[in-house]
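To be precise, the following lines are entry.csv, and they hold CSV, C-alpha atoms and all ligand atoms.
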```csv
chain,number,residue,atom,x,y,z
G,11,MET,CA,113.7,93.1,77.9
G,12,GLN,CA,113.1,96.2,75.7
G,13,ALA,CA,114.2,99.6,76.9
G,14,PRO,CA,111.4,100.8,79.3
G,15,LEU,CA,109.5,104.0,78.8
G,16,LEU,CA,110.5,106.2,81.6
G,17,THR,CA,108.9,109.4,83.0
G,18,ILE,CA,110.8,111.4,85.6
G,19,VAL,CA,108.3,113.2,87.8
G,20,ILE,CA,109.5,116.4,89.5
G,21,PRO,CA,107.2,118.3,92.0
G,22,CYS,CA,108.0,122.0,92.1
G,23,TYR,CA,106.8,124.6,94.5
G,24,ASN,CA,108.3,128.1,94.0
G,25,GLU,CA,111.5,126.7,92.4
G,26,GLU,CA,112.2,129.4,89.8
G,27,GLU,CA,115.8,129.8,91.1
G,28,ILE,CA,116.9,126.3,90.5
G,29,LEU,CA,114.5,125.1,87.8
G,30,PRO,CA,116.5,126.1,84.7
G,31,GLU,CA,119.5,124.1,86.1
G,32,THR,CA,117.3,121.1,87.0
G,33,ILE,CA,115.8,121.1,83.5
G,34,SER,CA,119.1,121.1,81.8
G,35,ALA,CA,120.7,118.5,84.1
G,36,LEU,CA,117.8,116.1,83.8
G,37,SER,CA,117.4,116.7,80.0
G,38,ALA,CA,121.1,115.9,79.6
G,39,LEU,CA,120.7,112.7,81.7
G,40,LEU,CA,117.7,111.6,79.7
G,41,GLU,CA,119.3,112.2,76.4
G,42,ASP,CA,122.3,110.2,77.5
G,43,MET,CA,120.2,107.3,78.7
G,44,ILE,CA,118.2,107.3,75.5
G,45,GLY,CA,121.5,107.4,73.5
G,46,ARG,CA,122.7,104.3,75.4
G,47,HIS,CA,119.3,102.6,74.8
G,48,GLN,CA,118.8,102.3,78.5
G,49,VAL,CA,115.3,103.8,78.2
G,50,ASP,CA,112.8,104.2,75.4
G,51,GLN,CA,113.2,107.3,73.3
G,52,GLY,CA,109.7,108.4,74.2
G,53,SER,CA,110.8,108.9,77.8
G,54,ARG,CA,110.0,112.3,79.3
G,55,LEU,CA,110.4,114.7,82.2
G,56,LEU,CA,107.2,115.7,83.9
G,57,PHE,CA,107.4,118.8,86.0
G,58,VAL,CA,104.4,119.3,88.3
G,59,ASP,CA,103.8,122.9,89.3
G,60,ASP,CA,102.2,122.6,92.8
G,61,GLY,CA,100.5,126.0,92.7
G,62,SER,CA,103.7,128.0,92.8
G,63,LYS,CA,103.5,131.7,93.4
G,64,ASP,CA,106.6,132.6,91.4
G,65,HIS,CA,107.5,132.0,87.8
G,66,THR,CA,107.9,128.2,88.1
G,67,TRP,CA,105.0,127.4,85.6
G,68,LYS,CA,106.2,130.1,83.1
G,69,ILE,CA,109.6,128.4,83.0
G,70,ILE,CA,108.1,124.9,82.5
G,71,TYR,CA,105.7,126.2,79.9
G,72,LYS,CA,108.4,127.8,77.9
G,73,GLU,CA,110.3,124.5,77.9
G,74,ILE,CA,107.2,122.6,76.7
G,75,ILE,CA,106.9,125.0,73.8
G,76,LYS,CA,110.5,124.4,72.9
G,77,GLY,CA,109.6,120.8,72.4
G,78,GLY,CA,112.4,119.0,74.3
G,79,PHE,CA,111.9,116.3,76.9
G,80,VAL,CA,109.9,118.6,79.2
G,81,LYS,CA,106.2,118.1,79.8
G,82,GLY,CA,104.2,119.8,82.5
G,83,LEU,CA,101.3,119.4,84.8
G,84,LYS,CA,99.8,122.4,86.6
G,85,LEU,CA,97.8,122.0,89.7
G,86,ALA,CA,95.1,124.5,90.4
G,87,ARG,CA,96.5,125.3,93.9
G,88,ASN,CA,99.2,124.1,96.3
G,89,ALA,CA,98.4,120.6,97.3
G,90,GLY,CA,101.6,119.7,99.1
G,91,HIS,CA,104.7,117.7,98.1
G,92,GLN,CA,103.1,114.2,98.5
G,93,ASN,CA,100.0,115.1,96.5
G,94,ALA,CA,102.0,116.8,93.8
G,95,LEU,CA,104.0,113.6,93.5
G,96,LEU,CA,100.8,111.5,93.3
G,97,ALA,CA,99.3,113.9,90.7
G,98,GLY,CA,102.5,113.5,88.6
G,99,ILE,CA,102.7,109.7,88.7
G,100,SER,CA,98.9,109.3,88.1
G,101,ALA,CA,99.1,111.5,85.0
G,102,ALA,CA,102.2,109.7,83.7
G,103,LYS,CA,101.3,106.1,84.4
G,104,GLU,CA,99.3,105.3,81.2
G,105,ALA,CA,102.2,106.4,79.0
G,106,SER,CA,105.1,105.0,81.1
G,107,ASP,CA,106.5,101.6,82.0
G,108,CYS,CA,108.1,103.2,85.1
G,109,MET,CA,108.3,106.5,86.9
G,110,VAL,CA,111.1,108.0,88.9
G,111,THR,CA,110.2,110.8,91.4
G,112,ILE,CA,112.8,113.3,92.4
G,113,ASP,CA,112.8,116.7,94.1
G,114,ALA,CA,113.4,119.8,92.0
G,115,ASP,CA,116.4,121.0,94.1
G,116,LEU,CA,118.9,118.4,92.8
G,117,GLN,CA,119.8,117.3,96.3
G,118,ASP,CA,119.4,113.7,95.2
G,119,ASP,CA,122.0,112.3,92.8
G,120,ILE,CA,120.3,112.1,89.5
G,121,HIS,CA,123.2,109.9,88.2
G,122,VAL,CA,121.9,106.8,90.1
G,123,ILE,CA,118.7,106.8,88.0
G,124,PRO,CA,120.3,104.5,85.4
G,125,SER,CA,120.9,102.0,88.3
G,126,PHE,CA,117.2,102.3,89.2
G,127,ILE,CA,116.4,101.3,85.6
G,128,GLU,CA,118.8,98.3,85.9
G,129,ARG,CA,116.9,97.1,88.9
G,130,PHE,CA,113.6,97.6,87.2
G,131,LYS,CA,114.8,95.6,84.3
G,132,GLU,CA,115.7,92.8,86.8
G,133,GLY,CA,112.1,92.8,87.8
G,134,CYS,CA,111.9,95.2,90.7
G,135,GLU,CA,108.6,97.0,90.7
G,136,ILE,CA,109.9,99.6,93.3
G,137,VAL,CA,113.4,100.9,93.7
G,138,TYR,CA,114.3,103.1,96.7
G,139,GLY,CA,117.0,105.7,96.6
G,140,VAL,CA,118.7,105.6,100.0
G,141,ARG,CA,121.1,108.3,101.3
G,142,ALA,CA,124.4,106.7,102.2
G,143,LYS,CA,125.6,109.6,104.2
G,144,ARG,CA,124.0,112.7,105.6
G,145,LYS,CA,127.1,114.8,106.1
G,146,THR,CA,125.8,117.7,104.0
G,147,ASP,CA,122.7,118.1,106.2
G,148,SER,CA,123.0,120.3,109.2
G,149,PHE,CA,123.6,118.5,112.5
G,150,PHE,CA,120.1,119.4,113.6
G,151,LYS,CA,118.4,118.1,110.5
G,152,ARG,CA,120.4,114.9,110.6
G,153,THR,CA,119.6,114.1,114.2
G,154,THR,CA,116.0,115.0,114.0
G,155,ALA,CA,115.6,112.9,110.8
G,156,GLU,CA,117.4,110.0,112.4
G,157,SER,CA,115.3,110.0,115.5
G,158,PHE,CA,112.2,110.2,113.3
G,159,TYR,CA,113.1,107.0,111.5
G,160,LYS,CA,113.9,105.3,114.9
G,161,LEU,CA,110.7,106.5,116.5
G,162,MET,CA,108.6,105.3,113.5
G,163,GLY,CA,110.4,101.9,113.6
G,164,ARG,CA,109.5,101.5,117.3
G,165,MET,CA,105.9,102.3,116.6
G,166,GLY,CA,105.8,99.5,114.1
G,167,VAL,CA,105.8,101.6,110.9
G,168,ASP,CA,107.9,100.0,108.3
G,169,LEU,CA,110.0,102.8,106.7
G,170,VAL,CA,113.0,102.4,104.5
G,171,TYR,CA,115.8,104.0,106.5
G,172,ASN,CA,117.2,107.2,105.1
G,173,HIS,CA,114.9,107.0,102.1
G,174,ALA,CA,112.9,110.1,101.1
G,175,ASP,CA,110.8,110.4,98.0
G,176,PHE,CA,113.5,109.6,95.5
G,177,ARG,CA,112.3,106.3,94.0
G,178,LEU,CA,111.3,104.3,91.0
G,179,MET,CA,107.9,102.8,90.7
G,180,GLY,CA,106.7,100.6,87.9
G,181,ARG,CA,103.2,101.1,86.4
G,182,ARG,CA,101.8,98.2,88.3
G,183,ALA,CA,103.0,99.6,91.6
G,184,VAL,CA,101.5,102.9,90.8
G,185,GLU,CA,98.2,101.3,90.0
G,186,GLU,CA,98.2,99.5,93.3
G,187,LEU,CA,99.2,102.7,95.1
G,188,GLU,CA,96.2,104.5,93.7
G,189,LYS,CA,94.0,101.9,95.4
G,190,PHE,CA,95.0,103.2,98.8
G,191,GLY,CA,92.0,105.4,99.5
G,192,GLU,CA,93.3,107.6,102.3
G,193,SER,CA,93.4,111.3,101.6
G,194,ASN,CA,96.4,111.8,103.7
G,195,MET,CA,99.1,110.0,101.6
G,196,PHE,CA,102.3,109.6,103.5
G,197,LEU,CA,104.1,107.9,100.6
G,198,ARG,CA,107.2,106.7,102.6
G,199,GLY,CA,104.8,104.8,104.8
G,200,ILE,CA,102.4,103.5,102.2
G,201,VAL,CA,104.8,102.5,99.4
G,202,PRO,CA,106.4,99.7,101.5
G,203,LEU,CA,102.9,98.3,102.0
G,204,ILE,CA,102.4,97.6,98.3
G,205,GLY,CA,104.8,94.7,98.2
G,206,PHE,CA,106.3,93.3,95.0
G,207,LYS,CA,110.0,92.8,94.5
G,208,THR,CA,112.0,95.9,95.7
G,209,ALA,CA,115.6,97.1,95.7
G,210,GLU,CA,117.6,99.8,97.3
G,211,VAL,CA,120.2,102.0,95.6
G,212,TYR,CA,122.6,104.1,97.6
G,213,TYR,CA,123.7,107.6,96.9
G,214,ASP,CA,125.2,110.7,98.6
G,215,ARG,CA,122.7,113.5,99.2
G,216,LYS,CA,124.0,117.0,98.4
G,217,GLU,CA,123.1,120.4,99.6
G,218,ARG,CA,120.2,122.3,98.0
G,219,LEU,CA,121.8,124.2,95.1
G,220,ALA,CA,119.5,127.2,95.2
G,221,GLY,CA,116.3,128.5,96.7
G,222,GLU,CA,115.3,127.5,100.2
G,223,THR,CA,113.9,124.4,101.8
G,224,LYS,CA,110.1,124.2,101.8
G,225,TYR,CA,110.3,122.2,105.0
G,226,PRO,CA,111.2,124.5,107.8
G,227,LEU,CA,111.1,123.1,111.3
G,228,LYS,CA,107.4,123.7,111.8
G,229,LYS,CA,106.5,121.8,108.7
G,230,MET,CA,109.0,119.0,109.5
G,231,LEU,CA,107.4,118.5,112.9
G,232,ALA,CA,103.9,118.5,111.4
G,233,PHE,CA,105.1,116.0,108.8
G,234,ALA,CA,106.5,113.7,111.4
G,235,PHE,CA,103.5,114.0,113.6
G,236,ASP,CA,101.2,113.3,110.6
G,237,GLY,CA,103.3,110.3,109.7
G,238,ILE,CA,103.1,108.8,113.1
G,239,THR,CA,99.4,109.3,113.8
G,240,SER,CA,98.4,108.2,110.3
G,241,PHE,CA,100.2,104.9,110.6
G,242,SER,CA,100.2,103.9,114.2
G,243,ILE,CA,97.9,103.7,117.2
G,244,THR,CA,100.9,103.2,119.6
G,245,PRO,CA,100.6,106.8,120.9
G,246,ILE,CA,97.1,106.2,122.1
G,247,ARG,CA,98.1,102.9,123.7
G,248,MET,CA,101.0,104.7,125.5
G,249,VAL,CA,98.5,107.3,126.9
G,250,LEU,CA,96.4,104.4,128.1
G,251,LEU,CA,99.4,102.8,129.7
G,252,VAL,CA,100.5,106.0,131.4
G,253,GLY,CA,97.0,106.5,132.6
G,254,VAL,CA,96.9,103.0,134.2
G,255,LEU,CA,100.3,103.4,135.8
G,256,SER,CA,99.4,106.8,137.3
G,257,PHE,CA,96.2,105.3,138.6
G,258,LEU,CA,98.0,102.4,140.3
G,259,GLY,CA,100.6,104.9,141.5
G,260,SER,CA,98.0,107.1,143.1
G,261,LEU,CA,96.4,104.1,144.8
G,262,GLY,CA,99.8,103.5,146.4
G,263,PHE,CA,100.1,107.1,147.4
G,264,GLY,CA,96.6,107.1,148.9
G,265,GLY,CA,97.5,104.1,151.0
G,266,TYR,CA,100.7,105.7,152.2
G,267,PHE,CA,98.9,108.9,153.2
G,268,LEU,CA,96.2,107.0,155.0
G,269,LEU,CA,98.9,105.1,157.0
G,270,LEU,CA,100.5,108.4,157.8
G,271,LYS,CA,97.2,109.8,158.9
G,272,PHE,CA,96.4,107.0,161.4
G,273,PHE,CA,99.9,105.9,162.6
G,274,GLY,CA,102.1,108.9,162.0
G,275,GLU,CA,102.1,112.6,161.7
G,276,THR,CA,100.1,114.4,159.0
G,277,GLU,CA,101.0,117.7,157.5
G,278,THR,CA,98.5,119.8,155.7
G,279,GLY,CA,99.2,117.7,152.6
G,280,TRP,CA,98.9,120.7,150.3
G,281,THR,CA,101.9,119.6,148.1
G,282,SER,CA,100.6,116.2,147.3
G,283,LEU,CA,97.2,117.6,146.6
G,284,ILE,CA,98.3,120.2,144.2
G,285,THR,CA,100.8,117.9,142.5
G,286,SER,CA,98.2,115.3,141.8
G,287,ILE,CA,95.7,117.8,140.5
G,288,TRP,CA,98.2,119.0,138.0
G,289,LEU,CA,99.3,115.5,137.2
G,290,ILE,CA,95.9,114.1,136.5
G,291,GLY,CA,94.8,117.2,134.7
G,292,GLY,CA,97.8,117.0,132.5
G,293,LEU,CA,97.3,113.4,131.7
G,294,GLN,CA,93.6,113.9,130.9
G,295,LEU,CA,94.4,116.8,128.6
G,296,MET,CA,97.1,114.8,126.9
G,297,GLY,CA,94.8,111.9,126.3
G,298,LEU,CA,92.0,114.1,125.1
G,299,GLY,CA,94.4,115.9,122.7
G,300,LEU,CA,95.5,112.6,121.2
G,301,VAL,CA,92.0,111.2,120.9
G,302,GLY,CA,91.1,114.5,119.2
G,303,GLU,CA,94.0,114.0,116.8
G,304,TYR,CA,92.7,110.6,115.7
G,305,ILE,CA,89.1,111.8,115.5
G,306,GLY,CA,90.3,114.7,113.3
G,307,LYS,CA,91.9,112.2,111.0
G,308,ILE,CA,88.7,110.2,110.7
G,309,TYR,CA,86.8,113.4,110.0
G,310,LYS,CA,89.3,114.4,107.2
G,311,GLU,CA,89.1,110.9,105.7
G,312,THR,CA,85.3,110.7,105.7
G,313,LYS,CA,85.1,113.8,103.6
G,314,ARG,CA,86.8,112.1,100.7
G,315,ARG,CA,88.0,115.4,99.2
G,316,PRO,CA,90.1,115.2,96.0
G,317,LYS,CA,93.8,115.2,96.9
G,318,TYR,CA,94.6,117.7,94.2
G,319,ILE,CA,93.0,119.5,91.3
G,320,VAL,CA,94.6,119.5,87.9
G,321,ASP,CA,94.5,122.8,86.0
G,322,MET,CA,96.4,121.9,82.9
G,323,ASP,CA,97.7,118.5,81.8
G,324,LEU,CA,100.4,119.1,79.2
G,325,PHE,CA,101.6,115.5,79.5
G,326,ASN,CA,98.7,113.6,78.1
G,327,PHE,CA,97.3,116.4,76.1
G,328,PRO,CA,99.0,118.7,73.5
G,329,LEU,CA,99.1,122.4,74.0
G,330,PRO,CA,95.9,124.1,72.8
G,331,ARG,CA,96.5,125.5,69.3
G,332,HIS,CA,95.6,129.0,70.2
G,333,LEU,CA,98.3,129.0,72.9
G,334,LEU,CA,101.1,128.2,70.5
G,335,ASN,CA,103.0,131.2,69.1
M,1,LIG,N1,107.3,120.8,97.1
M,1,LIG,C1,106.0,120.8,96.5
M,1,LIG,N2,104.9,121.3,97.2
M,1,LIG,C2,105.1,121.8,98.5
M,1,LIG,C3,106.4,121.8,99.1
M,1,LIG,C4,107.4,121.3,98.4
M,1,LIG,O1,105.8,120.3,95.4
M,1,LIG,O2,104.1,122.3,99.0
M,1,LIG,C5,108.4,120.2,96.4
M,1,LIG,C6,109.6,121.1,96.3
M,1,LIG,O3,109.6,122.0,95.2
M,1,LIG,C7,110.8,120.1,96.1
M,1,LIG,C8,110.3,118.9,97.0
M,1,LIG,O4,108.9,119.1,97.1
M,1,LIG,O5,110.9,119.7,94.8
M,1,LIG,C9,110.9,118.8,98.3
M,1,LIG,O6,110.9,120.0,99.0
M,1,LIG,P1,112.2,120.6,99.7
M,1,LIG,O7,113.4,120.4,98.9
M,1,LIG,O8,111.9,122.1,100.1
M,1,LIG,O9,112.2,119.7,101.0
M,1,LIG,P2,113.6,119.2,101.8
M,1,LIG,O10,114.4,118.5,100.8
M,1,LIG,O11,114.2,120.4,102.4
M,1,LIG,O12,113.0,118.3,102.9
M,2,MG,MG,115.2,119.4,99.3
```
Would you mind writing the structure in this file as structure tokens?
Ligand code: UDP
Ligand code: MG
Amino acid sequence: MQAPLLTIVIPCYNEEEILPETISALSALLEDMIGRHQVDQGSRLLFVDDGSKDHTWKIIYKEIIKGGFVKGLKLARNAGHQNALLAGISAAKEASDCMVTIDADLQDDIHVIPSFIERFKEGCEIVYGVRAKRKTDSFFKRTTAESFYKLMGRMGVDLVYNHADFRLMGRRAVEELEKFGESNMFLRGIVPLIGFKTAEVYYDRKERLAGETKYPLKKMLAFAFDGITSFSITPIRMVLLVGVLSFLGSLGFGGYFLLLKFFGETETGWTSLITSIWLIGGLQLMGLGLVGEYIGKIYKETKRRPKYIVDMDLFNFPLPRHLLN
């Protein structure tokens, strides 16, 4: 097989602190891979600026003008990590045999990308980067992430354990991915649904080199909740089950209190009354909230809004002449 044409897609949101380092590390890697004839010499890096508020785009733009491996895609506003990834691979797919997505913070080991390419040459359309160890993550992040994967597994969502968004996809896989119409794209859940021959490559995940995580606890919880409710109706079934159980339980209670009333001593019964009011009220609210969550999802999907809006595509189109200096 000929050396494939590779595009490495890097979503960036306010990454000015780390970006210069990322650019030089990835450029060096790509140069090396081209030198070894592992990938085609037309291979490129595609930095997607996800509506950053700092100098991220300026840095990318300057690199493009220099004329190295760097290309850029600027989104009109912040669309979120998953959408920025999609924007990048969609823009790159026509001019690439395969695409690798990687975060801008260099937490993932870029030196396993050649192994991704090996697997691709062996016919794998999707190659997952899997974290072998999580020792650099904080205890908190590690345990919450682990319980997330376990929970998703129990709910019947097929996730690749300890795989984030560091993966290779062939052009065919990307074309299939684009057919998934949902506007809420949780890629880790959707990509395994595509099929094709896949492989996993293991690596150690490092600490973020600079800048801060764009996933503080609040966003992490929102991400997990979104992941669960987008892929599974188990929560709604659990509410139903709890509802049925509490109904049966309250029948038993009722019988018991009736027996007490006729054959034993009855107290005022205030405790049981107030407890059941709270119990039933809580259950109802919980159920309503969950139903609302799903209805909200339907509402969002029916709007069919674009997932992202491209401001400037400097991957497929050259720089406008008047912008060159
Ligand atoms: N990112 C993005 N848009 C956003 C948030 C994050 O493109 O709205 C990018 C970010 O620049 C980084 C990647 O997504 O390249 C992952 O984010 P981060 O490293 O903050 O997440 P963590 O690794 O802490 O989960
Ligand atoms: Mg990170």
Please produce, as a Markdown table, a per-residue contact table for chain G versus ligand LIG 1 (chain M) (criterion: any atom at most 8 Å away, all atoms listed in the file considered), showing the nearest atom pair and its distance in Å to one decimal, sorted by chain then residue number.
```
| residue | atom | partner | partner_atom | distance |
| --- | --- | --- | --- | --- |
| G:Ile20 | CA | M:LIG1 | O5 | 6.4 |
| G:Pro21 | CA | M:LIG1 | O1 | 4.2 |
| G:Cys22 | CA | M:LIG1 | O3 | 3.5 |
| G:Tyr23 | CA | M:LIG1 | O3 | 3.9 |
| G:Asn24 | CA | M:LIG1 | O3 | 6.4 |
| G:Glu25 | CA | M:LIG1 | O3 | 5.8 |
| G:Val58 | CA | M:LIG1 | O1 | 7.3 |
| G:Asp59 | CA | M:LIG1 | O1 | 6.9 |
| G:Asp60 | CA | M:LIG1 | O1 | 5.0 |
| G:Gly61 | CA | M:LIG1 | N2 | 7.9 |
| G:Asn88 | CA | M:LIG1 | O2 | 5.9 |
| G:Ala89 | CA | M:LIG1 | O2 | 6.2 |
| G:Gly90 | CA | M:LIG1 | O2 | 3.6 |
| G:His91 | CA | M:LIG1 | N2 | 3.7 |
| G:Gln92 | CA | M:LIG1 | O1 | 7.4 |
| G:Asn93 | CA | M:LIG1 | O1 | 7.9 |
| G:Ala94 | CA | M:LIG1 | O1 | 5.4 |
| G:Leu95 | CA | M:LIG1 | O1 | 7.2 |
| G:Ile112 | CA | M:LIG1 | O5 | 7.1 |
| G:Asp113 | CA | M:LIG1 | O5 | 3.6 |
| G:Ala114 | CA | M:LIG1 | O5 | 3.8 |
| G:Asp115 | CA | M:LIG1 | O7 | 5.7 |
| G:Gln117 | CA | M:LIG1 | O10 | 7.1 |
| G:Arg218 | CA | M:LIG1 | O7 | 7.1 |
| G:Glu222 | CA | M:LIG1 | O8 | 6.4 |
| G:Thr223 | CA | M:LIG1 | O8 | 3.5 |
| G:Lys224 | CA | M:LIG1 | O8 | 3.2 |
| G:Tyr225 | CA | M:LIG1 | O11 | 5.0 |
| G:Pro226 | CA | M:LIG1 | O11 | 7.4 |
| G:Met230 | CA | M:LIG1 | O12 | 7.7 |
```
| said: Please report the interatomic distance between atom CA of G:Asp214 and atom CA of G:Asp42 in Å with one decimal. | reply: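 Result for atom CA of G:Asp214 versus atom CA of G:Asp42: 21.3 Å, one decimal.
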| request: Grab the atom CA of G:Ala101 to atom CA of G:Tyr318 distance for me, in Å with one decimal place. | output: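 Going from atom CA of G:Ala101 over to atom CA of G:Tyr318, I get 12.0 Å.
Among the candidates G:Leu227, G:Val122, G:Leu116, G:Lys68, the residue lying nearest to G:Leu83 is G:Lys68 (atoms considered: all atoms listed in the file).
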| said: For a test of reading the model, state the distance in Å between atom CA of G:Ser106 and atom CA of G:Ser62, rounded to one decimal. | reply: 25.8 Å
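Proximity to ligand MG 2 (chain M) was assessed for G:Phe176, G:Tyr159, G:Tyr309, G:Tyr213 counting only C-alpha atoms and all ligand atoms; the smallest distance is recorded for G:Phe176.
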| request: Compile the contact shell of G:Ser148 as number ranges by chain: residues with an atom at most 12 Å away, counting all atoms listed in the file, same-chain residues fewer than 5 positions apart removed. | output: G: 153-155, 216-218
| request: Determine, counting all atoms listed in the file, which protein, DNA and RNA residues have an atom within 8 Å of an atom of stretch 188-196 of chain G; residues of the same chain fewer than 3 positions away are not included. Present the result as a list in words. | output: Gln92, Asn93, Ser100, Val184, Glu185, Gly199, Ile200, Gly237, Ser240, Lys310, Glu311, Arg314, Arg315, Pro316 and Lys317 of chain G
| message | Ranking G:Val249, G:Val49, G:Met322, G:Leu268 by minimum distance to G:Gln294 and counting all atoms listed in the file, which one comes first? | response | G:Val249
| query | Around (113.6, 109.8, 85.9) in the file's own coordinates, what residues are found within 6 Å if you use only C-alpha atoms, given back as a ChimeraX atom specification? | reply | /G:17-18,110
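Using only C-alpha atoms and all ligand atoms, the smallest distance between any of G:Glu73, G:Asp147, G:Asp107, G:Glu135 and ligand MG 2 (chain M) comes from G:Asp147.
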| task | Using only C-alpha atoms and all ligand atoms, pick whichever of G:Gly299, G:Gly259, G:Gly306, G:Gly221 has the shortest atom-to-atom distance to ligand MG 2 (chain M). | result | G:Gly221
| said: Give me, as a PyMOL selection string, all polymer residues having an atom no more than 12 Å from stretch 127-132 of chain G, counting only C-alpha atoms and skipping those fewer than 4 positions away in the same chain. | reply: chain G and resi 11-18+40+43-44+47-50+107-110+121-123+136-139+177-183+206-211
| Residue nearest ligand MG 2 (chain M) among G:Ile70, G:Ala220, G:Met162, G:Leu197 (counting all atoms listed in the file) | G:Ala220
